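Take a look at the structure set out below.
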Amino acid sequence: MTARNRALRAVVFGVAAVAGVACLVVLALHLAQRRALARAAAERGELRQARVELAHGALHAVLGRGDGPFDPELGRARLAQALVAIEESSRRLEPAALAAEVAADADRLRESLVVVPVTPDVAARVRIGLHAVERHALRLDAETLQRRDRLAARQDWLFDWMLGLAALALTAAVFGELASGRAREASERALLAERVRLRTLLDTLPDAVWLKDPDGIYRGANPAFGRLAGRPEAELLGGTDFDLFEAEQARYFQERDRAAIAAGGPVMNEEWVVSRDDGRRVLLETIKTPTFDGQGRLTGVLGIARDITARRRAEGLVEKQGALLARTSTLAHVGGWEFDVETGAGAWTDEVARIHDLDPEVPTSAEIGLGFFRGPHRAVLERAIREAIEERRPYDLELEMVSARGDVTERRQAEESLRRSEELLRQLAENVQEVFWITDPGKRQVLYVSPAYERIWGRSVASLLADPRSWLAAVHPEDRERVTAAMLRQAEGGYDEEYRIVRPDGSFRVIHDRAFPVRSAGGGLARIVGIAEDVTEARDALQQRLALQEQLRHAQKMEAIGRLAGGVAHDFNNMLGVILGHAELAQKQVAADPGLRRHLEQIQAAAERSAALTRQLLAFSRKQTIAPRPIDLDAEVRRTATLLRRVIGEHVELELSGAASPPWPVCADPSQIDQVLVNLAVNARDAMPEGGRLTVETANVSLEPAQVQQFTEAAAGDYVRLAVSDTGHGMDPATLERAFEPFFTTKPEGRGTGLGLSTVYGIAQQNGGFVHLESAPGRGTTVAVYLPRLASGEAVDAPSVEPAAASKGGETILLVEDEAALRELGQELLEDLGYAVLAAASGPEALALAAGTGRPIDLLLTDVVMPGMNGHELAERLREARPGLPVLYASGYTADAIAQHGVLAPGLDLIEKPFTAAALAARVRAALDRRAASPLAP
Amino acid sequence: MRRRRALVLFAAGLGAARCAGGDRSLADPRAAGRIRVAYALERPYAFLRSDGQVDGESTALARLVATRLGIDRIDWVAVDFDKLIPALETGRCDVVAAGLFVTAERARRVAFSRPTLHVPQGLLVRAGNPWDLHSYAQAAADRRLRLAAVADSVEAAWLRAAGVEEARLVIVPDSRTGETAVESGLADGFALSEPALRAALAERPGPLQLAQPFEQPVGGPRLGYVAFAFRRGDDELLRAWDAALGELLGGPEHSALLARLGLDERWLPDRRSVREVLE
């Protein structure tokens, strides 16, 4: 029975006892209640009887006349009887005062009853007395009833509870008994299974097992013993050794049994027995143990016997061979040793111990063995051992060994050398910029960290040694998971991580951390060492370099696009010139045909629009010819305000915000500033379809070298900032990246050319400034154009604007144009105006023509960009023979030939291609007339 | 969830039980055609005529009300005055019609109908008013005097409250004994409502008189509101009874009744409800 089962049964008995007690209490209560109720009933009965007596007595007393059926004496007697009964009843009840009151009223009634004759006042007394006593009786009756009810209620309450308790306890007892029955069954099943297992064990055991009682009679045996005794085990039981073995053997066995009993514990002996099974003589190792019952009384002797015949024989052989080997190795001065790779524990033969001059009895170890080798010998040996272990390669070495007695001095020297090298290493570690650290393989302990840790981490070395986890805690939260994972690889090597740390002051450092496992001689992991380096500055420098590269790439891209656009625009301009010119000529000739004239007008309008486009392209590619002059940007903005208002429409509010101090002068072409403002205003308007606010502000800005980094293509210096901000939908980063590219537009088809911002970009560049864009989706856009401040005294001559003087003339004009169509058109237009025209397709051709003609040449009208000799060179060459020859250059875009970065050299005349007939007439006339007015004229 | 459902079922069960065993205080007498009315002899509220019939202000009015409620027969239950309320409580009767005054103490045990009379108090003394008594307070203060009052009456309570010791108090079962007690010198005064004393004097001419003039007791409970009494909880009966009283009071039948019993119209109650009387 298990302990649990016993406890369960104890509970069951306890609960059953409680139930029994509760039943007994219930019974007692029941009896008590019956008695109490009976007594109360009796009391009430007496009281009722007394009240009846009271009424009857009063009747007799009042009506009795001596001769009638009512007898006054009887009445008084019955009344007295009733009064006594009522008084007694009152005395049974609480409080005592009530009994006194009842007694007083009873006495008054008795007194009034003895008065004869019955006068009215006596009658009144009787009436009053009777009434009072009756009231008392009634009250007593009620009290008695109440008392009975109270008693019954209290007992009912107890009765109910006790009954409930008994029922509960009985139920619990029944369930407990059921549970304990189940537990008993389970424990019996377990016992049976245990017995079966034990029996199986005994049956299959090769050792013989038996049990004898104190009288030497066999009480149990297993099949192995049966085989030894030569009969089935069932037949053994009940017999003694004398029934089973030879008498002498039997006596010996019983003597051993007695020895075991005398010893009070196991006795072991070896005995030769002849097996009755096969007649073999076997050596048995027998253990005999006396067995005792719980009270310490002897119950028998348990025996276990094992056949050790074969083992004993083998042992003898090994012993003999071992002795032989020892003798042999002593003679040959050869020894053997063996060490455990893991623990280093080992053993060696006496001969090896002798070689090492050590006591063979003292246990040895790998450490002791290796301790006899020093310097290179030791290293060679260690490597050989390692290879032997790892590659299973045997080794055969001849090594020098130090003796156990003579090594003290050497060891001291070695220790000193070790100390010096450690000192050197420590100095090295403590003076390098990097943090050198060592931890245990489990990363539970930091064994060493160099002082650089304090400088880089901003934490004390002591704090790290105290809490190794603070290393990881300092890692930036975004990097911590990665570093934690990587740290697991430290033991394998190949840990090489870069991460950020947060210093106690909140600043970040970027750390490059590497680690290497250090293995012990046995190959196990001994330490992890690492070097952590602060690469913050290097990282920042790299990022700056990358940013600069990116800026350069962008600038190069814009430059390339610009060149492309400029080249295309140049050719386009030429062709547009042809179209425009011929359209004009044709119009003159078909004045009579309105239909045809309209077509020509359409052609001309389209060509002019195209020309405007190419001008914008040129502006972007900084090939637009400009005439910069010192201007006040603020004033320029105010002047343009009216135009801007018209551009942005009524739903957008325009806010002009001037510089707090007078703006610095800048050098720019006012028409380009207008173009910038209009282009930006149009973009802003399109970004605010629902309306909004457009702010144009100017400000003086001094950019320090440190500040220019945030701007692309900017240099330090003083600038005037012209910023145009809108409250529109803004741009995402991808759009922002491409915003300056020509023909990149986010506007719907037909709404934008994609040249607005490109033009602004080109104009800023051309004027030595730059553009900065700030925008985010939903946050509006600010385009800031930075134009360099014009140093005081620096002045740019403003080119004079010539009045249109489109008049004809008869002078001779040398026209040089490599584009045949344009050349022919020019010739036709000029001849139309009455001029004599010498037309040439190139510089050399023109020179030849000029040299060959006898006529004076009044004006050179030449293209600037031409293969071979450009227009400027041609002009220089012609002027050698004709000083003061006026020159009118025609160009689709400016080239370095006549203008520096598109800025026209002072005193140069240039007509932009494509030009109209009227423009050509006016410019040619003006150039000729200027010559006439010039004192330099020949 | 199950517990909540059980609660709902339990509540429903209670409701059903209540409906089944609801207030049948009016329905049962109506179905049976009879009602039990207790009275205690005290003119002019309840008395027996020479032909043995029950008569009086309370009892005759009870008969009128019962008729209006469709109850033809009244089973009269005669008890001593101090057994009226116990008779109601123990179920011996359904209504008390005995000139019972409305008091807070009684209202804790029974439910009162609307008042039917509001009468003054009186004191019966021997002829010539030898002690020259004119108020309860005066009589109570004189320690030589013994004063009679009906058991469990308002007057008895008032006298006790005024400091009259038990030895000086002659508790009588009914009006008649009180009169005899004064007449025979057992008591020097008998405190009772004025109409009751007047009726007694009219019935029994002799050496007794009312103390005149008489100062009405003040400072004690509001005295003199006569009403019917019912078991607490017999709400249906009380409501119907009050409704019928509302129609009867001050009507011709009621006036005729008062006139016949010699009751003054002055003594008709004001509009105070029982609750207001008790406040």
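Residue numbering restarts at 1 in every chain; chains get A, B, ... in the order shown in the structure tokens, and ligands count up from 1 in that same order.
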
Using only C-alpha atoms, determine which residues of chain A fall within 8 Å of chain B; present them as an mmCIF file with C-alpha atoms, in the first residue's frame.
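Below you can see iface_31.cif, which holds the result:
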```
data_model
loop_
_atom_site.group_PDB
_atom_site.id
_atom_site.type_symbol
_atom_site.label_atom_id
_atom_site.label_comp_id
_atom_site.auth_asym_id
_atom_site.auth_seq_id
_atom_site.Cartn_x
_atom_site.Cartn_y
_atom_site.Cartn_z
ATOM 1 C CA PRO A 120 -70.901 47.906 42.108
ATOM 2 C CA ASP A 121 -67.400 48.880 43.138
ATOM 3 C CA ALA A 124 -65.849 46.721 39.081
ATOM 4 C CA ARG A 125 -62.843 45.453 41.034
ATOM 5 C CA ARG A 127 -64.137 42.897 36.441
ATOM 6 C CA ILE A 128 -60.879 44.832 36.428
ATOM 7 C CA HIS A 131 -59.429 41.393 33.000
#
```

**Study point:** strand (DSSP E or B) call set, DSSP backbone run, stretch 73-266 of chain B, as JSON, numbers by chain
**Key:** {"B": [73, 74, 75, 76, 77, 78, 95, 96, 97, 98, 99, 100, 101, 110, 111, 112, 117, 118, 121, 122, 123, 124, 125, 126, 135, 147, 148, 149, 150, 169, 170, 171, 172, 189, 190, 191, 192, 193, 208, 209, 210, 215, 225, 226, 227, 228, 229, 230, 231]}

Need to verify the contact set: A:Pro705, 9 Å, only C-alpha atoms, exclusion of same-chain residues closer than 3 positions in sequence. Can you return it as a PDB file with C-alpha atoms, in the first residue's frame?
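This is the output file out-v6.pdb:
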```pdb
ATOM      1  CA  VAL A 708      28.587  74.749 -49.220  1.00  0.00           C
ATOM      2  CA  GLN A 709      28.614  70.983 -48.848  1.00  0.00           C
ATOM      3  CA  ALA A 715      31.471  77.488 -53.802  1.00  0.00           C
ATOM      4  CA  ALA A 716      31.935  79.502 -50.639  1.00  0.00           C
ATOM      5  CA  GLY A 717      31.378  83.248 -50.855  1.00  0.00           C
TER       6      GLY A 717
END
```

Distance query B:Ala229 at most 10 Å, only C-alpha atoms, self and fewer than 2 positions along chain excluded, as a PDB file with N, CA and C atoms, in the first residue's frame:
```
ATOM      1  N   VAL B  37     -66.118  41.350  10.864  1.00  0.00           N
ATOM      2  CA  VAL B  37     -65.815  42.682  11.393  1.00  0.00           C
ATOM      3  C   VAL B  37     -65.813  42.598  12.925  1.00  0.00           C
ATOM      4  N   ALA B  38     -64.675  43.012  13.521  1.00  0.00           N
ATOM      5  CA  ALA B  38     -64.563  42.960  14.981  1.00  0.00           C
ATOM      6  C   ALA B  38     -64.971  44.300  15.570  1.00  0.00           C
ATOM      7  N   LEU B  84     -58.715  43.954  20.071  1.00  0.00           N
ATOM      8  CA  LEU B  84     -59.132  44.258  18.692  1.00  0.00           C
ATOM      9  C   LEU B  84     -57.972  44.028  17.704  1.00  0.00           C
ATOM     10  N   ILE B  85     -56.868  44.637  18.021  1.00  0.00           N
ATOM     11  CA  ILE B  85     -55.745  44.521  17.083  1.00  0.00           C
ATOM     12  C   ILE B  85     -55.191  43.090  17.043  1.00  0.00           C
ATOM     13  N   LEU B  88     -57.256  41.098  14.748  1.00  0.00           N
ATOM     14  CA  LEU B  88     -56.937  41.358  13.339  1.00  0.00           C
ATOM     15  C   LEU B  88     -55.659  40.620  12.957  1.00  0.00           C
ATOM     16  N   ASP B  94     -61.474  40.544   9.675  1.00  0.00           N
ATOM     17  CA  ASP B  94     -60.864  41.181   8.511  1.00  0.00           C
ATOM     18  C   ASP B  94     -60.828  42.694   8.679  1.00  0.00           C
ATOM     19  N   VAL B  95     -61.780  43.228   9.467  1.00  0.00           N
ATOM     20  CA  VAL B  95     -61.873  44.677   9.657  1.00  0.00           C
ATOM     21  C   VAL B  95     -62.140  44.925  11.135  1.00  0.00           C
ATOM     22  N   VAL B  96     -61.570  46.039  11.659  1.00  0.00           N
ATOM     23  CA  VAL B  96     -61.940  46.463  13.007  1.00  0.00           C
ATOM     24  C   VAL B  96     -62.796  47.724  12.867  1.00  0.00           C
ATOM     25  N   ALA B  97     -63.997  47.677  13.438  1.00  0.00           N
ATOM     26  CA  ALA B  97     -64.884  48.849  13.388  1.00  0.00           C
ATOM     27  C   ALA B  97     -65.266  49.148  14.824  1.00  0.00           C
ATOM     28  N   ALA B  98     -64.458  49.970  15.530  1.00  0.00           N
ATOM     29  CA  ALA B  98     -64.694  50.139  16.955  1.00  0.00           C
ATOM     30  C   ALA B  98     -64.230  51.500  17.432  1.00  0.00           C
ATOM     31  N   GLY B  99     -64.360  52.520  16.583  1.00  0.00           N
ATOM     32  CA  GLY B  99     -63.949  53.851  17.007  1.00  0.00           C
ATOM     33  C   GLY B  99     -62.476  53.912  17.374  1.00  0.00           C
ATOM     34  N   LEU B 100     -61.661  53.147  16.680  1.00  0.00           N
ATOM     35  CA  LEU B 100     -60.226  53.082  16.959  1.00  0.00           C
ATOM     36  C   LEU B 100     -59.569  54.386  16.483  1.00  0.00           C
ATOM     37  N   PHE B 101     -58.774  55.017  17.384  1.00  0.00           N
ATOM     38  CA  PHE B 101     -58.066  56.240  17.000  1.00  0.00           C
ATOM     39  C   PHE B 101     -56.810  55.874  16.201  1.00  0.00           C
ATOM     40  N   VAL B 102     -56.490  56.753  15.291  1.00  0.00           N
ATOM     41  CA  VAL B 102     -55.267  56.549  14.498  1.00  0.00           C
ATOM     42  C   VAL B 102     -54.070  56.995  15.344  1.00  0.00           C
ATOM     43  N   ARG B 106     -50.118  52.177  16.652  1.00  0.00           N
ATOM     44  CA  ARG B 106     -51.038  51.210  16.049  1.00  0.00           C
ATOM     45  C   ARG B 106     -50.746  51.059  14.551  1.00  0.00           C
ATOM     46  N   ALA B 107     -50.357  52.169  13.941  1.00  0.00           N
ATOM     47  CA  ALA B 107     -50.118  52.119  12.490  1.00  0.00           C
ATOM     48  C   ALA B 107     -48.967  51.190  12.151  1.00  0.00           C
ATOM     49  N   ARG B 109     -48.763  48.284  13.396  1.00  0.00           N
ATOM     50  CA  ARG B 109     -49.298  46.907  13.420  1.00  0.00           C
ATOM     51  C   ARG B 109     -50.440  46.715  12.433  1.00  0.00           C
ATOM     52  N   VAL B 110     -51.194  47.800  12.175  1.00  0.00           N
ATOM     53  CA  VAL B 110     -52.349  47.669  11.271  1.00  0.00           C
ATOM     54  C   VAL B 110     -52.327  48.807  10.265  1.00  0.00           C
ATOM     55  N   ALA B 111     -53.200  48.652   9.241  1.00  0.00           N
ATOM     56  CA  ALA B 111     -53.369  49.736   8.267  1.00  0.00           C
ATOM     57  C   ALA B 111     -54.705  50.412   8.547  1.00  0.00           C
ATOM     58  N   PHE B 112     -54.698  51.748   8.541  1.00  0.00           N
ATOM     59  CA  PHE B 112     -55.936  52.484   8.827  1.00  0.00           C
ATOM     60  C   PHE B 112     -56.611  52.932   7.556  1.00  0.00           C
ATOM     61  N   SER B 113     -57.941  52.966   7.606  1.00  0.00           N
ATOM     62  CA  SER B 113     -58.695  53.583   6.505  1.00  0.00           C
ATOM     63  C   SER B 113     -58.629  55.087   6.692  1.00  0.00           C
ATOM     64  N   ARG B 114     -59.249  55.827   5.762  1.00  0.00           N
ATOM     65  CA  ARG B 114     -59.315  57.274   5.970  1.00  0.00           C
ATOM     66  C   ARG B 114     -60.174  57.532   7.210  1.00  0.00           C
ATOM     67  N   VAL B 226     -60.849  58.965  14.156  1.00  0.00           N
ATOM     68  CA  VAL B 226     -61.409  57.610  14.226  1.00  0.00           C
ATOM     69  C   VAL B 226     -61.334  56.985  12.832  1.00  0.00           C
ATOM     70  N   ALA B 227     -60.915  55.731  12.814  1.00  0.00           N
ATOM     71  CA  ALA B 227     -60.810  55.084  11.497  1.00  0.00           C
ATOM     72  C   ALA B 227     -60.996  53.586  11.628  1.00  0.00           C
ATOM     73  N   ARG B 231     -55.686  44.488   8.336  1.00  0.00           N
ATOM     74  CA  ARG B 231     -54.390  43.815   8.394  1.00  0.00           C
ATOM     75  C   ARG B 231     -53.421  44.508   7.428  1.00  0.00           C
ATOM     76  N   ARG B 232     -52.207  44.644   7.847  1.00  0.00           N
ATOM     77  CA  ARG B 232     -51.216  45.199   6.912  1.00  0.00           C
ATOM     78  C   ARG B 232     -51.054  44.225   5.746  1.00  0.00           C
ATOM     79  N   LEU B 238     -58.388  47.529   1.619  1.00  0.00           N
ATOM     80  CA  LEU B 238     -58.249  48.888   2.140  1.00  0.00           C
ATOM     81  C   LEU B 238     -58.570  49.915   1.061  1.00  0.00           C
TER      82      LEU B 238
END
```

**Message:** So that I can check the surroundings of B:Asp72, please list as a PyMOL selection string every protein, DNA and RNA residue that reaches within 7 Å of it, counting only C-alpha atoms and ignoring chain neighbours fewer than 5 positions away.
**Reply:** chain B and resi 33-34+66-67

May I have the selected residues written with C-alpha atoms, as a PDB file, in the first residue's frame?
```pdb
ATOM      1  CA  GLY B  33     -70.434  37.348   0.202  1.00  0.00           C
ATOM      2  CA  ARG B  34     -69.443  37.788   3.860  1.00  0.00           C
ATOM      3  CA  ALA B  66     -69.697  46.422   2.885  1.00  0.00           C
ATOM      4  CA  THR B  67     -72.953  46.743   0.994  1.00  0.00           C
TER       5      THR B  67
END
```

List the spatial neighbours of A:Gln33 as a ChimeraX atom specification - criterion: any atom at most 12 Å away, only C-alpha atoms, same-chain residues fewer than 6 positions off excluded. /A:25-27,39-41,148-159

Could those selected residues go to a file with N, CA and C atoms, as a PDB file, in the first residue's frame?
```pdb
ATOM      1  N   VAL A  25     -25.208  13.373  17.052  1.00  0.00           N
ATOM      2  CA  VAL A  25     -25.663  14.692  17.487  1.00  0.00           C
ATOM      3  C   VAL A  25     -27.077  14.921  17.015  1.00  0.00           C
ATOM      4  N   VAL A  26     -27.326  14.541  15.755  1.00  0.00           N
ATOM      5  CA  VAL A  26     -28.679  14.716  15.200  1.00  0.00           C
ATOM      6  C   VAL A  26     -29.687  13.976  16.064  1.00  0.00           C
ATOM      7  N   LEU A  27     -29.314  12.764  16.412  1.00  0.00           N
ATOM      8  CA  LEU A  27     -30.233  11.941  17.221  1.00  0.00           C
ATOM      9  C   LEU A  27     -30.495  12.634  18.564  1.00  0.00           C
ATOM     10  N   ARG A  39     -42.652  19.429  26.759  1.00  0.00           N
ATOM     11  CA  ARG A  39     -42.766  20.232  27.965  1.00  0.00           C
ATOM     12  C   ARG A  39     -43.554  21.515  27.670  1.00  0.00           C
ATOM     13  N   ALA A  40     -43.220  22.149  26.528  1.00  0.00           N
ATOM     14  CA  ALA A  40     -43.926  23.384  26.171  1.00  0.00           C
ATOM     15  C   ALA A  40     -45.400  23.123  25.966  1.00  0.00           C
ATOM     16  N   ALA A  41     -45.721  22.011  25.335  1.00  0.00           N
ATOM     17  CA  ALA A  41     -47.127  21.664  25.096  1.00  0.00           C
ATOM     18  C   ALA A  41     -47.837  21.481  26.420  1.00  0.00           C
ATOM     19  N   ARG A 148     -41.352  28.295  22.802  1.00  0.00           N
ATOM     20  CA  ARG A 148     -41.298  26.987  22.153  1.00  0.00           C
ATOM     21  C   ARG A 148     -40.799  27.126  20.709  1.00  0.00           C
ATOM     22  N   ASP A 149     -41.316  28.150  20.038  1.00  0.00           N
ATOM     23  CA  ASP A 149     -40.925  28.350  18.632  1.00  0.00           C
ATOM     24  C   ASP A 149     -39.434  28.674  18.517  1.00  0.00           C
ATOM     25  N   ARG A 150     -38.951  29.527  19.466  1.00  0.00           N
ATOM     26  CA  ARG A 150     -37.525  29.878  19.421  1.00  0.00           C
ATOM     27  C   ARG A 150     -36.658  28.637  19.595  1.00  0.00           C
ATOM     28  N   LEU A 151     -37.062  27.841  20.599  1.00  0.00           N
ATOM     29  CA  LEU A 151     -36.311  26.620  20.897  1.00  0.00           C
ATOM     30  C   LEU A 151     -36.301  25.694  19.669  1.00  0.00           C
ATOM     31  N   ALA A 152     -37.500  25.548  19.120  1.00  0.00           N
ATOM     32  CA  ALA A 152     -37.631  24.639  17.971  1.00  0.00           C
ATOM     33  C   ALA A 152     -36.798  25.150  16.798  1.00  0.00           C
ATOM     34  N   ALA A 153     -36.825  26.473  16.613  1.00  0.00           N
ATOM     35  CA  ALA A 153     -36.079  27.035  15.482  1.00  0.00           C
ATOM     36  C   ALA A 153     -34.590  26.784  15.667  1.00  0.00           C
ATOM     37  N   ARG A 154     -34.094  27.002  16.928  1.00  0.00           N
ATOM     38  CA  ARG A 154     -32.665  26.815  17.152  1.00  0.00           C
ATOM     39  C   ARG A 154     -32.279  25.361  16.917  1.00  0.00           C
ATOM     40  N   GLN A 155     -33.132  24.471  17.427  1.00  0.00           N
ATOM     41  CA  GLN A 155     -32.799  23.059  17.273  1.00  0.00           C
ATOM     42  C   GLN A 155     -32.944  22.608  15.821  1.00  0.00           C
ATOM     43  N   ASP A 156     -33.938  23.193  15.156  1.00  0.00           N
ATOM     44  CA  ASP A 156     -34.096  22.864  13.724  1.00  0.00           C
ATOM     45  C   ASP A 156     -32.853  23.267  12.959  1.00  0.00           C
ATOM     46  N   TRP A 157     -32.340  24.430  13.328  1.00  0.00           N
ATOM     47  CA  TRP A 157     -31.147  24.950  12.628  1.00  0.00           C
ATOM     48  C   TRP A 157     -29.968  24.002  12.812  1.00  0.00           C
ATOM     49  N   LEU A 158     -29.766  23.626  14.085  1.00  0.00           N
ATOM     50  CA  LEU A 158     -28.664  22.709  14.383  1.00  0.00           C
ATOM     51  C   LEU A 158     -28.880  21.367  13.684  1.00  0.00           C
ATOM     52  N   PHE A 159     -30.151  20.928  13.768  1.00  0.00           N
ATOM     53  CA  PHE A 159     -30.518  19.645  13.174  1.00  0.00           C
ATOM     54  C   PHE A 159     -30.191  19.642  11.668  1.00  0.00           C
TER      55      PHE A 159
END
```

Quick check for you: according to DSSP on this backbone, which residues of stretch 182-234 of chain A are classed as alpha helix (DSSP H)? Reply as a ChimeraX atom specification. /A:182-204,223-229,233-234

Store the residues picked out above in a file with C-alpha atoms, as a short mmCIF file (atom, residue, chain, number, x, y, z; two decimals), in the first residue's frame.
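result00.cif was written with the following content:
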```
data_model
loop_
_atom_site.label_atom_id
_atom_site.label_comp_id
_atom_site.auth_asym_id
_atom_site.auth_seq_id
_atom_site.Cartn_x
_atom_site.Cartn_y
_atom_site.Cartn_z
CA ARG A 182 -8.84 2.14 -7.24
CA ALA A 183 -5.45 3.18 -5.86
CA ARG A 184 -5.11 -0.22 -4.15
CA GLU A 185 -5.88 -2.03 -7.39
CA ALA A 186 -3.27 0.07 -9.20
CA SER A 187 -0.63 -0.64 -6.57
CA GLU A 188 -1.42 -4.36 -6.70
CA ARG A 189 -1.06 -4.34 -10.46
CA ALA A 190 2.26 -2.53 -10.11
CA LEU A 191 3.39 -5.08 -7.53
CA LEU A 192 2.50 -7.95 -9.82
CA ALA A 193 4.34 -6.37 -12.74
CA GLU A 194 7.32 -5.77 -10.49
CA ARG A 195 7.27 -9.43 -9.46
CA VAL A 196 7.12 -10.56 -13.09
CA ARG A 197 10.07 -8.33 -13.96
CA LEU A 198 12.06 -9.68 -11.04
CA ARG A 199 11.28 -13.27 -11.98
CA THR A 200 12.31 -12.59 -15.60
CA LEU A 201 15.53 -11.06 -14.34
CA LEU A 202 16.31 -14.06 -12.19
CA ASP A 203 15.37 -16.51 -14.93
CA THR A 204 17.61 -14.87 -17.50
CA PRO A 223 17.38 -21.78 -13.56
CA ALA A 224 21.12 -21.03 -13.56
CA PHE A 225 21.41 -22.63 -10.14
CA GLY A 226 19.28 -25.51 -11.36
CA ARG A 227 21.78 -26.12 -14.12
CA LEU A 228 24.65 -26.04 -11.65
CA ALA A 229 22.87 -28.50 -9.40
CA GLU A 233 14.75 -25.65 -9.81
CA ALA A 234 11.35 -26.89 -8.62
#
```

Could you list, as a ChimeraX atom specification, every residue within 12 Å of A:Leu787, counting only C-alpha atoms and ignoring same-chain residues fewer than 3 positions away? /A:630-633,663-669,673,698-703,714-723,760-761,763-772,784,790
